[in-house]
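Input: a single structure, listed below in structure tokens.
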Amino acid sequence: MRQSTNPIDPSRKSLNSTVFWRLAEDIPKPLQTGLMVASIAVPLLLWWLITTFGTIDPTFLPSPGNVLTAFGRLWSTGELLQDTVASLWRVGVGFAVAVFCSIPVGVLMGSFSSIRALLEPLFGLIRYMPAPAFIPLLILYLGIGEEPKVTLIFIGVFFFNSLMVMDTVKFVPKDLIEATYTLGGNRLQTLLQVIFPHVLPGIIDASRINLAAAWQLVIVSELIAATEGLGRRISVAGRFLRTDEIFVGLIVIGVIGLAFDLSFQYLLRLSCSWASQKR
Amino acid sequence: MFLTINNLHKHFNTKSGNLVVLKDINMGIQRGEFICAVGASGSGKSTLLRQIAGLDQPTSGEVKIDNQTVNGPGPDRGMVFQHYTLFPWMSVQENAEFGLKLQGLSKKERREKASTYLDVVGLSRFAKSLPNELSGGMKQRVAIARALASEPKVLLMDEPFGALDVHTKESMHQFMLELWERTGLTVFMITHDVEEAVFLSNRIYALGARPGTVRREMRIELPERSQQIKRNSTFHDYRDELMELMRGHGQEAMIAA
């Protein structure tokens with residue numbers, strides 16, 4: 001009782017002012033840019049310091065200079081380009097086919113409870129089978145050419161993407177669908193002219209996330225059996241203890257993946273400005 | 001009668017058994033009337049509107065418009081929802097045209113009609129804007145224009161001003177009256193706001209709750225419709241009577257519980 005009559009201690013501020021620890025708020029642009037540069041520059045600097053002033057065997061950890069030299073070497077022989085093109089082609093085909101198939105399937109699953117009941121148990125089950133675990137089976141069925149690799153990417157993307165697209169459809173407000181009916185729309189018109197445009201940003205975002213999975217899978221598939229490709233390059237480099245080439249491979253893989261991600265984000269902003277304004 | 005509701009019942013099957021939401025509803029609306037159905041939550045007023053719109057089927061009884069039984073949604077009954085239901089990727093113009101597009105009108109026809117009604121709601125200037133650039137009141141005006149573009153027999157409104165602030169609400173009331181006088185529309189609106197109902201309607205159906213029934217039908221006759229009328233004693237009498245009707249019922253419900 002007595003406590004409630006005590007005033008709150010004025011020296012105890014309820015919330016200290018801060019810049020760095022602002023919760024769910026923007027920080028000043030220069031600070032943001034600085035931190036983003038540091039995110040890449042600091043590890044690079046540490047790497048350089050360790051390899052320059054430390055006594056580490058370059059077979060274990062090559063210096064940035066070594067890696068750059070290796071990059072130049074692989075580039076000039078054309079091997080790197082050939083590998084990159086091979087990997088990109090596999091991802092391109094597998095991912096494109098998977099996305100192309102998963103969009104209608106996902107939209108139908110999200111829109112119709114009947115189709116969802118028919119497919120969700122199966123897709124839910126297959127989703128939990130790691131795609132790389134299909135490799136032995138795919139080699140058995142399809143050999144060691146391009147088909148098993150492209151199929152692997154298809155398996156890894158199709159089921160996930162269908163289920164993620166389905167989820168975005170669930171978020172279409174029911175009012176919007178009913179408004180369409182009261183305006184004279186039939187089910188097909190509602191599906192194509194209201195549900196589809198409403199979920200398009202969600203589809204692009206889901207595909208962006210699953211492209212990362214596809215990119216990982218192509219490398220994994222090449223580690224196991226391939227004559228060319230970035231995964232194959234790393235695998236061969238490992239066998240001959242060319243650590244610098246492993247680094248080249250890893251960095252190229254990372255940069256290409258990031259470029260994919262950024263271009264999808266750009267596509268999202270370009271095609272669905274109405275959705276990105278909300279964020 | 002232009003719009004009639006005959007012996008309408010609506011039951012819902014819930015986990016705890018059969019829930020009667022609407023019981024023995026009878027209503028008759030003339031062409032050109034402005035009708036409000038007023039009720040507290042639980043009076044089934046949204047459910048009633050959904051039956052008229054055809055978004056839901058009655059358990060028994062029927063809704064007839066122009067001597068035709070309603071058995072599904074259609075553009076002859078324009079609907080304005082409580083929540084904003086503009087299509088966020090379409091401009092204001094495209095939103096207003098959308099119903100006509102669904103009905104298969106030519107580009108020229110729908111442009112002309114939609115522009116006319118955007119002009120009626122005073123938003124021609126914003127034809128190129130996206131919905132998320134508009135205020136709440138403006139969004140509802142676009143929704144009204146979108147419904148009107150199909151030239152419906154009746155405009156159904158589900159607490160359309162419930163989400164608006166007091167001042168916007170007042171100007172929307174004025175706007176609705178002007179629109180109604182100018183176009184000769186038939187309006188059926190549901191609301192829990194008693195003052196809103198008295199201010200706007202020719203006639204009010206007061207609904208009781210659990211189950212929803214028509215408790216009283218009340219004709220509203222006011223000398224004029226302006227903000228000043230809200231200080232008039234006739235206005236107060238209507239309002240108090242309706243409030244009493246809803247309050248009395250609330251007590252009953254509490255005693256019953």
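By convention here, the chains of the structure tokens are called A, B, ... in the order presented, each chain's residues are numbered starting at 1, and ligands are numbered starting at 1 in the order presented.
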
For this session: Just the residues within 10 Å of region 116-129 of chain B, please, counting only C-alpha atoms, with nothing from its chain fewer than 4 positions along; format it as a PyMOL selection string.
Result: chain B and resi 90-97+110-112+133-134+138-151+175-176+178-179+182-183

Output N, CA and C atoms for every residue in that selection, as a CSV table (one decimal), in the first residue's frame.
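This went into again-v1.csv:
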chain,number,residue,atom,x,y,z
B,90,MET,N,-4.2,-2.2,-58.0
B,90,MET,CA,-4.9,-1.4,-59.1
B,90,MET,C,-5.0,0.0,-58.7
B,91,SER,N,-4.9,0.9,-59.6
B,91,SER,CA,-5.2,2.3,-59.4
B,91,SER,C,-6.6,2.5,-59.0
B,92,VAL,N,-6.9,3.7,-58.5
B,92,VAL,CA,-8.3,4.0,-58.2
B,92,VAL,C,-9.2,3.8,-59.4
B,93,GLN,N,-8.8,4.3,-60.6
B,93,GLN,CA,-9.6,4.1,-61.8
B,93,GLN,C,-9.8,2.6,-62.1
B,94,GLU,N,-8.7,1.8,-62.0
B,94,GLU,CA,-8.9,0.4,-62.3
B,94,GLU,C,-9.8,-0.3,-61.3
B,95,ASN,N,-9.7,0.1,-60.0
B,95,ASN,CA,-10.6,-0.4,-59.0
B,95,ASN,C,-12.1,-0.1,-59.4
B,96,ALA,N,-12.3,1.1,-59.8
B,96,ALA,CA,-13.7,1.5,-60.1
B,96,ALA,C,-14.2,0.8,-61.3
B,97,GLU,N,-13.3,0.5,-62.3
B,97,GLU,CA,-13.6,-0.2,-63.5
B,97,GLU,C,-13.8,-1.7,-63.3
B,110,ARG,N,-16.3,1.0,-69.9
B,110,ARG,CA,-16.0,1.0,-68.5
B,110,ARG,C,-15.2,2.2,-68.0
B,111,ARG,N,-14.4,2.7,-68.9
B,111,ARG,CA,-13.7,3.9,-68.6
B,111,ARG,C,-14.7,5.1,-68.3
B,112,GLU,N,-15.7,5.2,-69.2
B,112,GLU,CA,-16.6,6.2,-69.1
B,112,GLU,C,-17.5,6.1,-67.8
B,133,GLU,N,-2.3,5.1,-51.1
B,133,GLU,CA,-2.0,6.5,-51.0
B,133,GLU,C,-3.2,7.3,-50.5
B,134,LEU,N,-4.3,6.6,-50.3
B,134,LEU,CA,-5.6,7.4,-49.9
B,134,LEU,C,-5.9,7.2,-48.4
B,138,MET,N,-11.5,8.2,-48.1
B,138,MET,CA,-11.4,8.2,-49.6
B,138,MET,C,-11.5,6.8,-50.1
B,139,LYS,N,-10.9,5.8,-49.4
B,139,LYS,CA,-10.9,4.4,-49.8
B,139,LYS,C,-12.4,4.0,-49.9
B,140,GLN,N,-13.2,4.3,-48.9
B,140,GLN,CA,-14.6,3.9,-48.9
B,140,GLN,C,-15.3,4.6,-50.0
B,141,ARG,N,-15.0,5.8,-50.3
B,141,ARG,CA,-15.6,6.4,-51.4
B,141,ARG,C,-15.3,5.7,-52.8
B,142,VAL,N,-14.1,5.3,-52.9
B,142,VAL,CA,-13.7,4.5,-54.1
B,142,VAL,C,-14.6,3.2,-54.1
B,143,ALA,N,-14.7,2.6,-52.9
B,143,ALA,CA,-15.4,1.3,-52.9
B,143,ALA,C,-16.9,1.6,-53.3
B,144,ILE,N,-17.4,2.7,-52.9
B,144,ILE,CA,-18.8,3.1,-53.2
B,144,ILE,C,-18.9,3.3,-54.7
B,145,ALA,N,-17.9,4.0,-55.3
B,145,ALA,CA,-17.9,4.3,-56.7
B,145,ALA,C,-17.8,3.0,-57.5
B,146,ARG,N,-17.0,2.0,-57.0
B,146,ARG,CA,-16.8,0.7,-57.6
B,146,ARG,C,-18.1,0.0,-57.7
B,147,ALA,N,-18.9,0.0,-56.5
B,147,ALA,CA,-20.1,-0.7,-56.5
B,147,ALA,C,-21.2,0.0,-57.4
B,148,LEU,N,-21.2,1.3,-57.4
B,148,LEU,CA,-22.2,2.1,-58.2
B,148,LEU,C,-21.9,1.9,-59.7
B,149,ALA,N,-20.7,1.7,-60.1
B,149,ALA,CA,-20.4,1.7,-61.5
B,149,ALA,C,-21.2,0.6,-62.2
B,150,SER,N,-21.5,-0.5,-61.5
B,150,SER,CA,-22.3,-1.6,-62.1
B,150,SER,C,-23.8,-1.2,-62.1
B,151,GLU,N,-24.1,0.0,-61.6
B,151,GLU,CA,-25.5,0.4,-61.5
B,151,GLU,C,-26.4,-0.6,-60.9
B,175,PHE,N,-21.9,13.2,-47.2
B,175,PHE,CA,-21.7,12.7,-48.6
B,175,PHE,C,-22.7,11.7,-49.0
B,176,MET,N,-23.0,10.7,-48.1
B,176,MET,CA,-24.0,9.7,-48.4
B,176,MET,C,-25.4,10.3,-48.7
B,178,GLU,N,-26.1,13.3,-49.8
B,178,GLU,CA,-26.1,14.0,-51.1
B,178,GLU,C,-26.2,13.0,-52.2
B,179,LEU,N,-25.3,11.9,-52.1
B,179,LEU,CA,-25.3,10.9,-53.1
B,179,LEU,C,-26.7,10.3,-53.3
B,182,ARG,N,-29.1,12.7,-54.9
B,182,ARG,CA,-28.8,13.0,-56.3
B,182,ARG,C,-29.1,11.8,-57.2
B,183,THR,N,-28.8,10.5,-56.7
B,183,THR,CA,-28.9,9.4,-57.6
B,183,THR,C,-30.2,8.6,-57.4

Can you list, as a compact mmCIF listing (two decimals) with C-alpha atoms, in the first residue's frame, every protein, DNA or RNA residue that comes within 6 Å of region 21-25 of chain B when you count only C-alpha atoms, leaving out same-chain residues fewer than 6 positions away?
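Output below, filename part10.txt:
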# COMPACT_ATOMS: atom_id res chain seq x y z
CA ASN B 7 -39.37 -15.56 -42.93
CA LEU B 8 -35.62 -15.75 -43.03
CA HIS B 9 -33.89 -18.07 -40.57
CA LYS B 10 -30.19 -18.73 -40.33
CA HIS B 11 -28.61 -21.43 -38.20
CA GLY B 44 -26.69 -11.13 -36.65
CA PRO B 211 -31.05 -14.75 -31.78
CA GLY B 212 -31.24 -11.82 -34.17
CA THR B 213 -34.85 -10.73 -34.61

Counting only C-alpha atoms, which residues of chain B come no farther than 6 Å from chain A, as a short mmCIF file (atom, residue, chain, number, x, y, z; two decimals) with N, CA and C atoms, in the first residue's frame?
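iface_11.cif, freshly written:
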data_model
loop_
_atom_site.label_atom_id
_atom_site.label_comp_id
_atom_site.auth_asym_id
_atom_site.auth_seq_id
_atom_site.Cartn_x
_atom_site.Cartn_y
_atom_site.Cartn_z
N PRO B 73 -24.13 -14.22 -55.07
CA PRO B 73 -23.74 -12.82 -55.18
C PRO B 73 -23.82 -12.33 -56.63
N GLY B 74 -24.04 -11.05 -56.81
CA GLY B 74 -24.08 -10.50 -58.16
C GLY B 74 -24.01 -8.99 -58.12
N PRO B 75 -23.66 -8.40 -59.26
CA PRO B 75 -23.43 -6.95 -59.29
C PRO B 75 -24.72 -6.12 -59.20
N THR B 85 -11.64 -2.92 -49.03
CA THR B 85 -11.51 -4.06 -49.93
C THR B 85 -11.10 -3.61 -51.32
N TRP B 89 -3.16 -3.47 -55.87
CA TRP B 89 -2.27 -3.31 -57.02
C TRP B 89 -2.92 -2.52 -58.16
N GLY B 99 -15.40 -4.07 -61.62
CA GLY B 99 -16.67 -4.80 -61.73
C GLY B 99 -17.13 -4.88 -63.18
N LEU B 102 -15.09 -7.36 -65.09
CA LEU B 102 -15.52 -8.74 -64.82
C LEU B 102 -16.78 -9.07 -65.60
#

Exercise. Hey, which of B:Glu33, B:Glu181, B:Asp193, B:Asp66 ends up closest to Phe161 (chain B)? Count only C-alpha atoms.
Worked result: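 For Phe161 (chain B), the nearest of the candidates is B:Asp193.
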
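Distance-wise, CA of Gln228 (chain B) and CA of Gly208 (chain B) end up 29.6 Å apart.
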